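Source file: protein-v1.cif (mmCIF, C-alpha atoms and all ligand atoms)
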```cif
data_entry
loop_
_atom_site.label_atom_id
_atom_site.label_comp_id
_atom_site.auth_asym_id
_atom_site.auth_seq_id
_atom_site.Cartn_x
_atom_site.Cartn_y
_atom_site.Cartn_z
CA MET I 22 44.44 45.63 0.03
CA LYS I 23 42.80 48.96 0.71
CA ASP I 24 39.45 47.28 1.31
CA LYS I 25 40.72 45.04 4.09
CA ASN I 26 38.35 46.49 6.66
CA LYS I 27 35.35 46.27 4.42
CA ILE I 28 36.11 42.65 3.60
CA LEU I 29 36.57 41.75 7.26
CA ALA I 30 33.33 43.50 8.22
CA GLY I 31 31.54 41.71 5.41
CA LEU I 32 32.96 38.36 6.51
CA VAL I 33 31.86 38.91 10.09
CA ILE I 34 28.33 39.77 8.98
CA PHE I 35 28.26 36.78 6.64
CA ILE I 36 29.38 34.32 9.31
CA ALA I 37 26.97 35.82 11.84
CA ALA I 38 24.14 35.46 9.34
CA ILE I 39 24.78 31.84 8.40
CA THR I 40 25.32 30.73 11.98
CA PHE I 41 22.24 32.60 13.17
CA PRO I 42 20.02 29.50 13.46
CA PHE I 43 22.60 27.77 15.65
CA TRP I 44 23.11 30.42 18.27
CA PHE I 45 19.51 31.56 18.14
CA ASN I 46 18.37 28.09 19.22
CA LEU I 47 21.26 27.58 21.65
CA GLY I 48 20.10 26.03 24.91
CA LYS I 49 16.55 25.72 23.68
CA ALA I 50 16.57 22.10 22.57
CA ALA I 51 13.00 20.96 21.98
CA PRO I 52 12.05 18.42 24.64
CA ALA I 53 11.56 14.87 23.41
CA PRO I 54 7.85 14.25 22.92
CA GLU I 55 5.79 12.23 25.37
CA LEU I 56 3.78 9.52 23.67
CA VAL I 57 0.21 8.90 24.73
CA LEU I 58 -0.97 5.31 24.82
CA THR I 59 -4.64 4.54 24.43
CA ALA I 60 -6.32 2.51 27.14
CA LYS I 61 -6.32 -0.46 24.81
CA ALA I 62 -2.59 -0.17 24.13
CA GLN I 63 -1.88 0.11 27.85
CA ALA I 64 -3.99 -2.93 28.62
CA ALA I 65 -2.15 -4.96 25.99
CA LYS I 66 1.14 -4.24 27.91
CA THR I 67 3.34 -5.19 24.96
CA CYS I 68 3.27 -4.47 21.27
CA VAL I 69 3.82 -7.11 18.58
CA MET I 70 7.50 -6.97 19.54
CA SER I 71 9.25 -5.57 22.61
CA LYS I 72 8.98 -1.84 23.24
CA GLU I 73 12.69 -1.32 22.58
CA PHE I 74 12.47 -3.13 19.28
CA MET I 75 9.41 -1.18 18.22
CA THR I 76 10.94 2.17 19.15
CA THR I 77 14.00 1.63 17.03
CA ASN I 78 12.72 -0.71 14.33
CA HIS I 79 9.03 -0.08 13.72
CA MET I 80 9.73 1.41 10.31
CA GLN I 81 11.75 -1.57 9.18
CA LEU I 82 9.14 -3.94 10.59
CA LEU I 83 6.36 -2.12 8.76
CA ASP I 84 8.39 -2.30 5.59
CA VAL I 85 8.80 -6.07 6.04
CA TRP I 86 5.07 -6.36 6.70
CA ARG I 87 4.01 -4.46 3.63
CA HIS I 88 6.42 -6.36 1.43
CA ASN I 89 5.44 -9.80 2.68
CA VAL I 90 1.72 -9.08 2.61
CA VAL I 91 1.57 -7.49 -0.82
CA ARG I 92 4.18 -9.46 -2.67
CA GLY I 93 4.15 -12.76 -0.79
CA SER I 94 0.53 -13.03 0.45
CA GLU I 95 1.94 -13.72 3.90
CA ARG I 96 -0.24 -12.19 6.56
CA MET I 97 0.55 -14.04 9.78
CA PHE I 98 3.19 -12.59 12.06
CA THR I 99 4.35 -14.67 15.01
CA ASN I 100 6.48 -12.88 17.57
CA PRO I 101 9.21 -14.47 19.71
CA ASP I 102 6.62 -15.22 22.42
CA GLY I 103 4.63 -17.27 19.94
CA LYS I 104 1.74 -14.84 19.71
CA SER I 105 0.27 -14.34 16.23
CA PHE I 106 -1.01 -11.17 14.60
CA ASP I 107 -2.60 -10.23 11.32
CA MET I 108 -0.05 -8.08 9.51
CA SER I 109 -2.12 -4.97 8.88
CA LEU I 110 -1.34 -1.35 9.63
CA SER I 111 -4.98 -0.28 9.49
CA ASN I 112 -6.44 -3.21 11.37
CA THR I 113 -3.73 -4.34 13.78
CA CYS I 114 -1.45 -1.39 14.59
CA LEU I 115 -4.18 1.21 14.53
CA ASP I 116 -6.51 -1.05 16.43
CA CYS I 117 -4.58 -0.21 19.60
CA HIS I 118 -2.87 2.96 18.47
CA SER I 119 -6.03 4.69 17.35
CA ASN I 120 -4.63 8.06 18.45
CA LYS I 121 -2.42 8.94 15.51
CA ALA I 122 -2.03 12.61 16.51
CA ASP I 123 -0.70 11.79 19.98
CA PHE I 124 1.13 8.61 19.12
CA CYS I 125 2.56 8.70 15.59
CA ASP I 126 2.58 12.39 14.76
CA ARG I 127 4.29 13.68 17.89
CA CYS I 128 7.50 11.79 17.27
CA HIS I 129 7.38 12.14 13.51
CA ASN I 130 7.03 15.91 13.81
CA TYR I 131 9.82 16.04 16.37
CA ALA I 132 12.12 14.03 14.10
CA SER I 133 10.88 15.98 11.08
CA VAL I 134 9.89 12.92 9.09
CA SER I 135 6.70 12.70 7.12
CA PRO I 136 5.92 9.10 6.22
CA TYR I 137 3.32 8.83 3.49
CA CYS I 138 1.42 5.94 5.08
CA TRP I 139 -1.60 8.18 5.60
CA ASP I 140 -1.97 9.16 1.97
CA CYS I 141 -3.69 5.81 1.50
CA HIS I 142 -4.26 4.24 4.91
CA ILE I 143 -7.08 5.79 6.83
CA ASP I 144 -5.66 6.84 10.17
CA ASN I 145 -8.54 6.21 12.49
CA PRO I 146 -10.19 2.87 11.90
CA LYS I 147 -12.16 3.05 15.13
CA GLY I 148 -13.77 6.36 14.24
CA GLU I 149 -13.05 7.62 17.73
CA MET X 5 63.15 8.92 4.47
CA ASN X 6 60.80 9.24 1.57
CA ASN X 7 60.19 5.53 1.58
CA SER X 8 59.44 5.19 5.28
CA ARG X 9 57.05 8.10 5.14
CA ARG X 10 55.06 6.43 2.38
CA ARG X 11 55.09 3.22 4.37
CA PHE X 12 53.78 5.06 7.44
CA LEU X 13 50.91 6.55 5.47
CA GLN X 14 50.04 3.17 4.00
CA ILE X 15 49.88 1.53 7.40
CA ALA X 16 47.87 4.41 8.83
CA GLY X 17 45.40 4.16 5.97
CA VAL X 18 44.88 0.43 6.30
CA SER X 19 44.46 0.70 10.09
CA ALA X 20 41.87 3.44 9.70
CA LEU X 21 39.98 1.25 7.26
CA GLY X 22 40.11 -1.67 9.65
CA LEU X 23 38.87 0.40 12.58
CA GLY X 24 36.06 1.80 10.49
CA ALA X 25 34.96 -1.61 9.25
CA LYS X 26 34.89 -3.27 12.68
CA PRO X 27 31.59 -1.77 13.97
CA VAL X 28 29.92 -2.56 10.64
CA LEU X 29 31.08 -6.17 10.79
CA ASN X 30 29.98 -6.35 14.42
CA ALA X 31 26.54 -5.11 13.50
CA PHE X 32 26.18 -7.76 10.82
CA ALA X 33 27.47 -10.45 13.14
CA SER X 34 25.12 -9.55 15.98
CA GLU X 35 22.12 -9.47 13.68
CA ASP X 36 22.95 -12.96 12.53
CA ALA X 37 23.50 -14.22 16.03
CA LYS X 38 20.40 -12.84 17.69
CA GLY X 39 17.98 -11.84 14.92
CA PRO X 40 14.66 -10.25 15.69
CA GLY X 41 13.14 -13.66 16.49
CA TYR X 42 9.84 -13.28 14.68
CA HIS X 43 8.31 -15.54 12.12
CA ILE X 44 6.20 -14.66 9.10
CA ALA X 45 3.93 -17.07 7.28
CA LYS X 46 0.71 -17.41 5.37
CA GLY X 47 -2.35 -17.53 7.60
CA GLU X 48 -3.58 -20.90 8.77
CA LYS X 49 -6.79 -20.51 6.85
CA ALA X 50 -5.12 -19.13 3.73
CA MET X 51 -6.34 -20.80 0.59
CA THR X 52 -4.02 -21.39 -2.29
CA ALA X 53 -4.64 -21.93 -5.96
CA LYS X 54 -2.77 -22.01 -9.20
CA GLN X 55 -5.18 -19.54 -10.72
CA TRP X 56 -8.29 -18.25 -9.03
CA ALA X 57 -11.21 -17.71 -11.34
CA MET X 58 -14.63 -16.22 -10.94
CA VAL X 59 -17.74 -16.96 -12.95
CA ILE X 60 -20.71 -14.62 -13.13
CA ASP X 61 -24.04 -16.19 -14.02
CA THR X 62 -25.26 -13.43 -16.30
CA ARG X 63 -28.70 -15.07 -16.69
CA LYS X 64 -29.48 -14.02 -13.14
CA LEU X 65 -28.66 -10.38 -13.81
CA GLN X 66 -31.10 -9.24 -16.45
CA THR X 67 -31.41 -5.54 -15.73
CA ALA X 68 -29.21 -2.62 -14.81
CA GLU X 69 -31.02 -2.44 -11.45
CA ALA X 70 -29.89 -5.97 -10.68
CA LEU X 71 -26.26 -4.93 -11.14
CA GLU X 72 -26.53 -1.85 -8.99
CA PRO X 73 -26.27 -3.40 -5.51
CA ILE X 74 -23.29 -5.47 -6.62
CA ILE X 75 -21.44 -2.46 -7.99
CA ALA X 76 -22.38 -0.40 -4.95
CA ALA X 77 -21.10 -3.06 -2.55
CA CYS X 78 -17.77 -3.34 -4.35
CA ASN X 79 -17.37 0.43 -4.39
CA LYS X 80 -18.16 0.68 -0.71
CA ILE X 81 -15.89 -2.10 0.47
CA HIS X 82 -12.94 -0.87 -1.55
CA ASN X 83 -13.31 2.86 -0.99
CA ILE X 84 -13.92 3.68 -4.64
CA PRO X 85 -14.41 7.39 -5.23
CA THR X 86 -17.85 7.45 -6.82
CA GLU X 87 -18.44 11.18 -6.55
CA ILE X 88 -15.98 12.25 -9.22
CA GLU X 89 -18.01 14.09 -11.85
CA ASN X 90 -15.40 14.44 -14.57
CA LYS X 91 -15.73 11.23 -16.62
CA ASN X 92 -12.06 11.39 -17.59
CA HIS X 93 -11.06 11.03 -13.95
CA GLU X 94 -13.48 8.23 -13.16
CA ILE X 95 -12.26 5.20 -11.20
CA LYS X 96 -13.83 1.91 -12.23
CA TRP X 97 -13.46 -1.40 -10.42
CA ILE X 98 -16.58 -3.11 -11.56
CA TRP X 99 -18.93 -1.62 -14.10
CA GLU X 100 -21.78 -2.26 -16.45
CA ALA X 101 -21.26 -2.69 -20.18
CA HIS X 102 -23.23 -3.53 -23.28
CA TYR X 103 -22.78 -6.92 -24.97
CA HIS X 104 -20.89 -5.37 -27.87
CA ASN X 105 -18.40 -3.77 -25.52
CA ALA X 106 -18.10 -6.78 -23.26
CA PHE X 107 -17.59 -9.42 -25.96
CA THR X 108 -16.08 -7.54 -28.85
CA ASP X 109 -15.00 -10.70 -30.66
CA LYS X 110 -18.24 -12.60 -30.18
CA THR X 111 -20.74 -10.61 -32.19
CA ASN X 112 -22.65 -11.85 -35.17
CA ASN X 113 -25.59 -10.57 -37.11
CA PHE X 114 -28.19 -12.79 -35.54
CA LEU X 115 -27.64 -12.60 -31.82
CA ASN X 116 -30.25 -13.67 -29.35
CA GLU X 117 -31.91 -10.35 -28.55
CA ASP X 118 -32.29 -11.25 -24.93
CA VAL X 119 -28.55 -11.72 -24.60
CA GLU X 120 -27.67 -8.75 -26.75
CA ASN X 121 -29.68 -6.33 -24.65
CA ARG X 122 -28.65 -7.65 -21.28
CA PRO X 123 -26.23 -5.53 -19.22
CA PHE X 124 -22.98 -7.27 -18.30
CA LEU X 125 -20.71 -6.84 -15.32
CA LEU X 126 -17.11 -6.16 -16.23
CA LEU X 127 -14.03 -6.05 -14.07
CA CYS X 128 -10.35 -6.92 -14.31
CA ASN X 129 -10.03 -10.40 -15.79
CA HIS X 130 -6.89 -11.30 -13.88
CA CYS X 131 -5.56 -12.49 -17.21
CA GLU X 132 -3.47 -15.63 -17.40
CA ASP X 133 -0.75 -13.78 -19.27
CA PRO X 134 -1.53 -10.20 -18.32
CA PRO X 135 -0.37 -7.46 -20.70
CA CYS X 136 -0.46 -4.94 -17.85
CA VAL X 137 2.16 -6.95 -15.95
CA ARG X 138 4.34 -7.18 -19.02
CA ALA X 139 4.12 -3.44 -19.59
CA CYS X 140 4.81 -2.33 -16.04
CA PRO X 141 8.42 -1.12 -15.80
CA THR X 142 8.61 -1.28 -12.02
CA LYS X 143 6.84 -4.58 -11.35
CA ALA X 144 4.29 -2.64 -9.31
CA THR X 145 1.72 -4.72 -11.13
CA PHE X 146 2.44 -8.39 -10.78
CA LYS X 147 0.80 -11.78 -10.76
CA ASN X 148 0.90 -13.41 -7.34
CA ASP X 149 1.22 -17.11 -6.49
CA ASN X 150 -2.52 -17.57 -6.74
CA GLY X 151 -2.84 -16.04 -10.18
CA ILE X 152 -4.29 -12.77 -8.91
CA VAL X 153 -3.01 -9.69 -10.71
CA MET X 154 -2.05 -7.39 -7.87
CA MET X 155 -1.08 -3.76 -7.55
CA ASP X 156 1.70 -2.71 -5.23
CA PHE X 157 0.86 0.95 -4.75
CA HIS X 158 4.02 1.45 -2.78
CA ARG X 159 5.96 0.91 -5.96
CA CYS X 160 3.78 2.41 -8.70
CA ILE X 161 5.31 5.45 -10.36
CA GLY X 162 2.16 6.44 -12.21
CA CYS X 163 3.58 6.03 -15.72
CA ARG X 164 0.28 4.53 -16.99
CA PHE X 165 1.94 2.01 -19.30
CA CYS X 166 -0.36 -0.64 -17.83
CA MET X 167 -3.39 1.46 -18.67
CA ALA X 168 -2.35 1.55 -22.31
CA ALA X 169 -1.53 -2.15 -22.28
CA CYS X 170 -4.75 -3.49 -20.78
CA PRO X 171 -7.08 -4.42 -23.65
CA PHE X 172 -10.12 -4.39 -21.37
CA GLY X 173 -10.03 -0.89 -19.96
CA ALA X 174 -9.77 -2.37 -16.50
CA ARG X 175 -7.26 0.16 -15.23
CA SER X 176 -8.07 3.59 -13.91
CA PHE X 177 -5.63 6.27 -12.95
CA ASN X 178 -6.06 8.31 -9.81
CA PHE X 179 -5.80 11.71 -11.43
CA ARG X 180 -7.00 13.23 -8.18
CA ASP X 181 -6.73 12.41 -4.54
CA PRO X 182 -9.68 10.02 -4.27
CA ARG X 183 -10.47 10.58 -0.63
CA PRO X 184 -12.78 13.60 -0.89
CA PHE X 185 -14.85 11.70 -3.45
CA ILE X 186 -15.55 8.65 -1.33
CA LYS X 187 -19.01 8.81 0.10
CA ASP X 188 -18.62 6.44 2.99
CA ASN X 189 -15.12 5.44 4.09
CA ASN X 190 -14.55 1.81 4.90
CA LYS X 191 -11.93 2.43 7.53
CA GLU X 192 -10.51 -1.07 7.34
CA PHE X 193 -9.47 -0.74 3.74
CA PRO X 194 -6.92 1.74 2.40
CA THR X 195 -7.85 4.40 -0.11
CA ARG X 196 -5.39 5.31 -2.82
CA MET X 197 -3.29 8.37 -3.35
CA LYS X 198 -3.06 10.67 -6.31
CA GLY X 199 -0.87 9.37 -9.10
CA VAL X 200 -1.26 5.61 -8.78
CA LEU X 201 -3.02 3.10 -10.94
CA LYS X 202 -5.82 0.80 -9.99
CA ASN X 203 -7.17 -2.40 -11.45
CA ALA X 204 -9.98 -4.29 -9.81
CA THR X 205 -7.36 -6.37 -8.06
CA SER X 206 -8.89 -6.33 -4.71
CA ALA X 207 -12.09 -7.75 -5.97
CA ARG X 208 -10.37 -10.38 -3.91
CA SER X 209 -12.38 -9.49 -0.85
CA GLY X 210 -15.27 -11.07 -2.66
CA TRP X 211 -13.12 -14.02 -3.66
CA PRO X 212 -12.51 -16.97 -1.44
CA SER X 213 -9.82 -14.66 -0.37
CA ALA X 214 -6.60 -16.23 -1.35
CA SER X 215 -4.54 -14.64 1.34
CA SER X 216 -6.74 -12.53 3.51
CA PRO X 217 -7.99 -13.61 6.90
CA PRO X 218 -11.65 -12.84 7.52
CA ALA X 219 -10.67 -9.78 9.54
CA TRP X 220 -9.81 -8.13 6.28
CA ARG X 221 -13.45 -8.30 5.35
CA PRO X 222 -15.47 -5.50 6.88
CA PRO X 223 -18.08 -6.99 9.16
CA THR X 224 -20.74 -4.41 8.44
CA VAL X 225 -20.61 -4.37 4.67
CA PRO X 226 -21.68 -7.54 2.94
CA SER X 227 -19.00 -8.63 0.53
CA LEU X 228 -19.97 -9.28 -3.05
CA SER X 229 -20.36 -12.99 -2.62
CA ALA X 230 -22.50 -12.44 0.44
CA ILE X 231 -24.86 -10.32 -1.60
CA CYS X 232 -24.88 -12.84 -4.39
CA THR X 233 -26.20 -15.60 -2.21
CA THR X 234 -27.62 -17.17 -5.29
CA SER X 235 -25.07 -18.66 -7.60
CA ILE X 236 -24.52 -15.46 -9.54
CA ARG X 237 -20.89 -15.28 -8.61
CA LYS X 238 -18.90 -18.43 -8.17
CA CYS X 239 -15.23 -18.67 -7.50
CA GLY X 240 -12.86 -21.53 -7.91
CA ASN X 241 -9.46 -22.78 -8.80
CA CYS X 242 -8.72 -23.80 -12.34
S1 LIG P 301 -5.71 -5.02 -15.79
FE1 LIG P 301 -6.34 -5.65 -17.84
S2 LIG P 301 -4.54 -6.72 -18.70
FE2 LIG P 301 -4.24 -6.57 -16.50
S3 LIG P 301 -5.02 -8.51 -15.71
FE3 LIG P 301 -6.72 -7.01 -15.58
S4 LIG P 301 -7.84 -7.26 -17.49
FE4 LIG P 301 -5.85 -8.28 -17.78
S1 LIG P 302 1.36 3.21 -13.79
FE1 LIG P 302 2.18 2.04 -12.06
S2 LIG P 302 1.33 -0.04 -12.27
FE2 LIG P 302 1.04 1.03 -14.26
S3 LIG P 302 2.81 0.46 -15.50
FE3 LIG P 302 3.32 2.40 -14.47
S4 LIG P 302 4.35 1.78 -12.56
FE4 LIG P 302 3.29 -0.05 -13.36
#
```

Encoded form (structure tokens):
Amino acid sequence: MKDKNKILAGLVIFIAAITFPFWFNLGKAAPAPELVLTAKAQAAKTCVMSKEFMTTNHMQLLDVWRHNVVRGSERMFTNPDGKSFDMSLSNTCLDCHSNKADFCDRCHNYASVSPYCWDCHIDNPKGE
Amino acid sequence: MNNSRRRFLQIAGVSALGLGAKPVLNAFASEDAKGPGYHIAKGEKAMTAKQWAMVIDTRKLQTAEALEPIIAACNKIHNIPTEIENKNHEIKWIWEAHYHNAFTDKTNNFLNEDVENRPFLLLCNHCEDPPCVRACPTKATFKNDNGIVMMDFHRCIGCRFCMAACPFGARSFNFRDPRPFIKDNNKEFPTRMKGVLKNATSARSGWPSASSPPAWRPPTVPSLSAICTTSIRKCGNC
């Protein structure tokens, strides 16, 4: 046990090093991103479902859409208010939300998720 | 002493399990009770068929020039990368072929020269019993209710079994990201990503589209059937 001091010093350095990211970022939590709605999205007032539902469930809903459209040839979505929509990411969602960078990307970057929708779907159908 | 201690641990364990399961059960219960309240169905104008079929009147397409606008329209509507120079990486949805390549089992020594020298349009046949579907290990390629052989890109793993299985060469593999090679993006139709297969499935936008509402069809680009206002291409249910 002659090396007790060395071991302790080493341990302290080790713990300091691995906890570095935590205390370095302490008190600097990134602010939640503000989403920008296009004029068209604002005018529409509500999305295909309620805002709360879309915030928490849009990924599940999109998954249901893609499954039913591709595998079941079902393209008509009727929401609880009885309004119908064509189930299409490119032509329905992006019709209003034509600002991917300020609408989709902000939150996705914040949450550090990178959905691969855009590998195939062209993100700006309006060409704006 | 020993016994009661074991008993205590058993009860504690079961209680912990019960407490942990409660929120999960609640979540299931509430989903059942309320549900998201939406409804999904086929479109009102959706057409159904047992097996869609398309006939091409080859007598009306005598020269390669006559095929060109048809091929160009298909490529444009479906975002086909036409600028890929390497032939091995080529993506084909609809293409021109010689009689001997188009009808390999229908050649004889004394063919009508006119027919023999005519160019033919080839595309995926949407086979009745498609070998590509049988070969696909993930069911990414499947036959839908209307007899259309579809590709679910979301599921394709890029193994290329279907490519080997298709006797008609109707499958192309996206060896490269196709987007830089598309001349003119049709923004209403997806492109593909690197590593997935493609058959001419979505020739369906020229079909009396089995499932797609008209919105799916780009308004500015005439679909194949619109170009073929004569009876060159006919579709129907068989
Ligand atoms: S890809 Fe080939 S095997 Fe599959 S349906 Fe088309 S022609 Fe038939
Ligand atoms: S490449 Fe894709 S579609 Fe073809 S067999 Fe493999 S998983 Fe199926």

Skipping near chain neighbours, those fewer than 4 positions away, what residues fall within 10 Å of Ala68 of chain X using only C-alpha atoms, listed as a PyMOL selection string? chain X and resi 72-73+100-101+122-125

Could you give me, as a PyMOL selection string, every polymer residue with an atom at most 9 Å away from an atom of ligand LIG 301 (chain P), counting all atoms listed in the file? chain X and resi 127-138+145-147+152-154+166-167+169-175+202-205

Select the residues contacting ligand LIG 302 (chain P) at a distance of at most 6 Å, based on all atoms listed in the file, then format the selection as a PyMOL selection string. chain X and resi 139-142+144-145+160-166+200-201

Exercise answer, chain I residues close to chain X, 9 Å and all atoms listed in the file, as JSON, numbers by chain: {"I": [70, 74, 86, 87, 88, 89, 90, 91, 92, 93, 94, 95, 96, 97, 98, 99, 100, 101, 102, 103, 107, 109, 111, 112, 139, 140, 141, 142, 143, 144, 145, 146, 147, 148]}

Would you work out the distance separating atom CA of Arg9 of chain X from atom CA of Gly24 of chain X, expressed in Å to one decimal?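 Rounded to one decimal, the two atoms are 22.6 Å apart.
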
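You will find atom CA of Pro85 of chain X at 18.9 Å from atom CA of Cys138 of chain I.
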
If I put a ball of radius 9 Å at (-1.5, 7.9, 17.3) in the file's coordinates, which residues poke into it when counting only C-alpha atoms, written as JSON, numbers by chain? {"I": [56, 57, 58, 59, 115, 117, 118, 119, 120, 121, 122, 123, 124, 125, 126, 127, 144, 145]}

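Rounded to one decimal, atom CA of Asn113 of chain X and atom CA of Thr67 of chain X lie 22.7 Å from each other.
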
Could you check which of X:Lys143, X:Lys110, X:His102, X:His82 is closest to Leu126 of chain X, using only C-alpha atoms?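 Looking at the shortest contact to Leu126 of chain X, the residue is X:His102.
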